[in-house]
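The structure appears below as structure tokens.
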Amino acid sequence: MMPYVILNAAMTLDGKIATRTGSSNISGAEDLKRVHELRKQCDGIMVGIGTVLADDPRLTVHKIDAKKTDNPVRVVVDSRLQTPHDARITNDDARTIIACANEYKDEIKSSEKYNDFRKKGVSIFWSGDKRVDLKSLMIYLHEEGIEKLMLEGGSTLNFSMIKAGLIDEISICVAPMIAGGVNSKTFFDGEGFDTMDEAVRLELLDSYNLDKDLILKYKVLK
């Protein structure tokens with residue numbers, strides 16, 4: 001068994017989720033409320049290490065009325081344990097799980113950061129060789145009581161998850177903006193598929209305007 005995974009993001013009309021300098025304030029105020037309502041409905045929220053290093057996110061429910069118990073379990077895919085020791089996702093606002101790769105287990109376990117995280121109550125999950133085995137991670141998260149997981153990127157993790165067939169639904173806010181930039185992050189990066197025949201197919205479930213933004217909801221066809 002694995003969690004039901006909802007990928008949520010905001011992008012510009014040209015598919016960018018951040019500029020080349022890392023600026024990512026795309027969503028309008030109403031969409032931010034929508035995102036936090038979705039967080040409140042989920043048991044867990046997952047990001048990659050790139051998002052942690054770029055944004056130092058809280059990954060909590062705080063744009064709407066909520067209690068501490070409404071916060072989802074925070075999950076970070078971080079093969080080499082690059083998460084800073086003072087990152088906000090390591091505070092006591094919610095439980096935190098960091099997924100690391102087995103290749104670096106001895107190095108990580110001998111580090112001061114590892115011991116510090118364990119003292120804070122951060123759980124470390126080991127899988128894969130040089131990279132985290134995402135399917136094993138999903139099975140583990142379901143065993144830990146996470147039935148609905150919100151995926152919030154970044155672009156490399158998004159592609160790895162969808163290529164592995166681990167995303168069930170996509171909820172995307174399209175803002176009326178153009179960012180451009182060959183080095184700007186897109187919704188999905190990674191190595192990509194070689195042919196359009198390999199591309200993942202989607203079914204549109206819903207679409208509506210939210211202030212100036214367009215919200216699109218898709219089912220991932222498997």
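We name chains A, B, ... following the order of the structure tokens; residues begin at 1 in each chain, and ligands are numbered from 1 as shown.
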Can you pull out every residue within 10 Å of stretch 176-189 of chain A, counting only C-alpha atoms, but drop anything in the same chain fewer than 6 positions away, and send it as a PyMOL selection string? chain A and resi 8-24+26-27+153-160+162+212-214
So which residues touch stretch 33-39 of chain A within 9 Å, counting only C-alpha atoms, skipping near sequence neighbours fewer than 6 positions away, as a PyMOL selection string? chain A and resi 8-9+45+59-64+70-72+149-150
Go ahead and save the residues from that selection, with N, CA, C and O atoms, as a PDB file, in the first residue's frame.
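This went into selection_0.pdb:
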```
ATOM      1  N   ASN A   8       1.057  19.404  -6.023  1.00  0.00           N
ATOM      2  CA  ASN A   8       0.533  20.767  -6.102  1.00  0.00           C
ATOM      3  C   ASN A   8       1.661  21.747  -6.369  1.00  0.00           C
ATOM      4  O   ASN A   8       2.753  21.633  -5.809  1.00  0.00           O
ATOM      5  N   ALA A   9       1.390  22.717  -7.239  1.00  0.00           N
ATOM      6  CA  ALA A   9       2.390  23.735  -7.543  1.00  0.00           C
ATOM      7  C   ALA A   9       1.714  24.941  -8.164  1.00  0.00           C
ATOM      8  O   ALA A   9       0.542  24.887  -8.561  1.00  0.00           O
ATOM      9  N   ILE A  45       3.353  15.991   3.836  1.00  0.00           N
ATOM     10  CA  ILE A  45       3.743  16.905   2.771  1.00  0.00           C
ATOM     11  C   ILE A  45       5.213  16.663   2.468  1.00  0.00           C
ATOM     12  O   ILE A  45       6.032  16.575   3.391  1.00  0.00           O
ATOM     13  N   LEU A  59       6.423  24.260   5.791  1.00  0.00           N
ATOM     14  CA  LEU A  59       5.608  23.086   5.472  1.00  0.00           C
ATOM     15  C   LEU A  59       4.551  22.823   6.541  1.00  0.00           C
ATOM     16  O   LEU A  59       4.313  21.681   6.941  1.00  0.00           O
ATOM     17  N   THR A  60       3.936  23.893   6.992  1.00  0.00           N
ATOM     18  CA  THR A  60       2.855  23.808   7.972  1.00  0.00           C
ATOM     19  C   THR A  60       1.611  24.490   7.414  1.00  0.00           C
ATOM     20  O   THR A  60       1.646  25.105   6.339  1.00  0.00           O
ATOM     21  N   VAL A  61       0.523  24.397   8.141  1.00  0.00           N
ATOM     22  CA  VAL A  61      -0.719  25.073   7.764  1.00  0.00           C
ATOM     23  C   VAL A  61      -0.770  26.392   8.526  1.00  0.00           C
ATOM     24  O   VAL A  61      -0.975  26.402   9.743  1.00  0.00           O
ATOM     25  N   HIS A  62      -0.570  27.519   7.838  1.00  0.00           N
ATOM     26  CA  HIS A  62      -0.517  28.792   8.554  1.00  0.00           C
ATOM     27  C   HIS A  62      -1.157  29.967   7.807  1.00  0.00           C
ATOM     28  O   HIS A  62      -1.208  31.067   8.341  1.00  0.00           O
ATOM     29  N   LYS A  63      -1.668  29.746   6.598  1.00  0.00           N
ATOM     30  CA  LYS A  63      -2.333  30.833   5.877  1.00  0.00           C
ATOM     31  C   LYS A  63      -3.838  30.861   6.141  1.00  0.00           C
ATOM     32  O   LYS A  63      -4.546  31.749   5.682  1.00  0.00           O
ATOM     33  N   ILE A  64      -4.312  29.859   6.892  1.00  0.00           N
ATOM     34  CA  ILE A  64      -5.723  29.763   7.258  1.00  0.00           C
ATOM     35  C   ILE A  64      -5.794  29.419   8.741  1.00  0.00           C
ATOM     36  O   ILE A  64      -4.787  29.113   9.371  1.00  0.00           O
ATOM     37  N   ASP A  70      -3.129  20.211  13.076  1.00  0.00           N
ATOM     38  CA  ASP A  70      -3.510  20.171  11.660  1.00  0.00           C
ATOM     39  C   ASP A  70      -2.300  20.056  10.744  1.00  0.00           C
ATOM     40  O   ASP A  70      -2.442  19.788   9.543  1.00  0.00           O
ATOM     41  N   ASN A  71      -1.108  20.283  11.266  1.00  0.00           N
ATOM     42  CA  ASN A  71       0.089  20.243  10.432  1.00  0.00           C
ATOM     43  C   ASN A  71       0.386  18.818   9.971  1.00  0.00           C
ATOM     44  O   ASN A  71       0.391  17.884  10.767  1.00  0.00           O
ATOM     45  N   PRO A  72       0.647  18.632   8.677  1.00  0.00           N
ATOM     46  CA  PRO A  72       0.991  17.293   8.176  1.00  0.00           C
ATOM     47  C   PRO A  72       2.411  16.908   8.572  1.00  0.00           C
ATOM     48  O   PRO A  72       3.227  17.759   8.936  1.00  0.00           O
ATOM     49  N   LEU A 149      -0.751  12.132   0.665  1.00  0.00           N
ATOM     50  CA  LEU A 149       0.510  12.866   0.690  1.00  0.00           C
ATOM     51  C   LEU A 149       0.475  13.992  -0.334  1.00  0.00           C
ATOM     52  O   LEU A 149       0.156  13.777  -1.498  1.00  0.00           O
ATOM     53  N   MET A 150       0.846  15.186   0.101  1.00  0.00           N
ATOM     54  CA  MET A 150       0.935  16.337  -0.791  1.00  0.00           C
ATOM     55  C   MET A 150       2.386  16.502  -1.202  1.00  0.00           C
ATOM     56  O   MET A 150       3.281  16.605  -0.359  1.00  0.00           O
TER      57      MET A 150
END
```
Of the listed residues A:Asp56, A:Glu152, A:Glu169, A:Glu203, that which approaches A:Thr83 most closely, counting only C-alpha atoms: A:Asp56
Which of these residues is nearest to A:Val73, using only C-alpha atoms: A:Asp206, A:Asp93, A:Asp86, A:Asp133?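 Among the listed residues, the smallest separation from A:Val73 belongs to A:Asp93.
Using only C-alpha atoms, the contacts of A:Ser79 at a cut-off of 10 Å, with sequence neighbours closer than 4 positions omitted, comprise Gly48, Ile49, Thr83, Ile98, Ala99, Cys100, Ala101, Asn102, Glu103, Tyr104, Lys105, Ile108, Phe125, Trp126, Ser127, Gly128, Asp129, Lys130, Arg131, Val132 and Asp133 of chain A.
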Please dump the current selection as a tab-separated table (two decimals), in the first residue's frame; keep C-alpha atoms.
```tsv
chain	number	residue	atom	x	y	z
A	48	GLY	CA	13.12	17.60	-2.19
A	49	ILE	CA	16.30	18.93	-0.68
A	83	THR	CA	19.31	19.70	5.24
A	98	ILE	CA	14.17	12.79	6.15
A	99	ALA	CA	14.79	10.12	3.51
A	100	CYS	CA	18.47	9.38	2.86
A	101	ALA	CA	20.33	6.96	0.58
A	102	ASN	CA	22.19	3.90	1.89
A	103	GLU	CA	25.39	4.86	0.03
A	104	TYR	CA	25.97	7.66	2.55
A	105	LYS	CA	24.73	5.94	5.71
A	108	ILE	CA	25.80	10.53	7.77
A	125	PHE	CA	14.52	6.61	6.58
A	126	TRP	CA	17.14	4.74	4.55
A	127	SER	CA	16.57	3.29	1.09
A	128	GLY	CA	18.17	2.97	-2.34
A	129	ASP	CA	21.84	3.17	-3.21
A	130	LYS	CA	23.06	6.63	-4.24
A	131	ARG	CA	19.51	7.95	-4.51
A	132	VAL	CA	16.45	7.40	-2.33
A	133	ASP	CA	14.20	4.59	-3.56
```
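Residues in contact with A:Glu198 at 12 Å, where only C-alpha atoms are counted and same-chain residues fewer than 6 positions away are skipped, are listed as A:Ile162, A:Lys163, A:Gly192, A:Lys222.
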Can you work out the spacing between atom CA of A:Ser207 and atom CA of A:Val174 in Å, to one decimal?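 Atom CA of A:Val174 lies 10.6 Å from atom CA of A:Ser207.
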Those of stretch 48-124 of chain A in DSSP helix (DSSP H, G or I), formatted as a PyMOL selection string: chain A and resi 49-55+68-70+88-90+102-109+112-120
In Å, with one decimal, what is the gap from atom CA of A:Thr96 to atom CA of A:Ser123?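 Atom CA of A:Thr96 sits 6.3 Å away from atom CA of A:Ser123.
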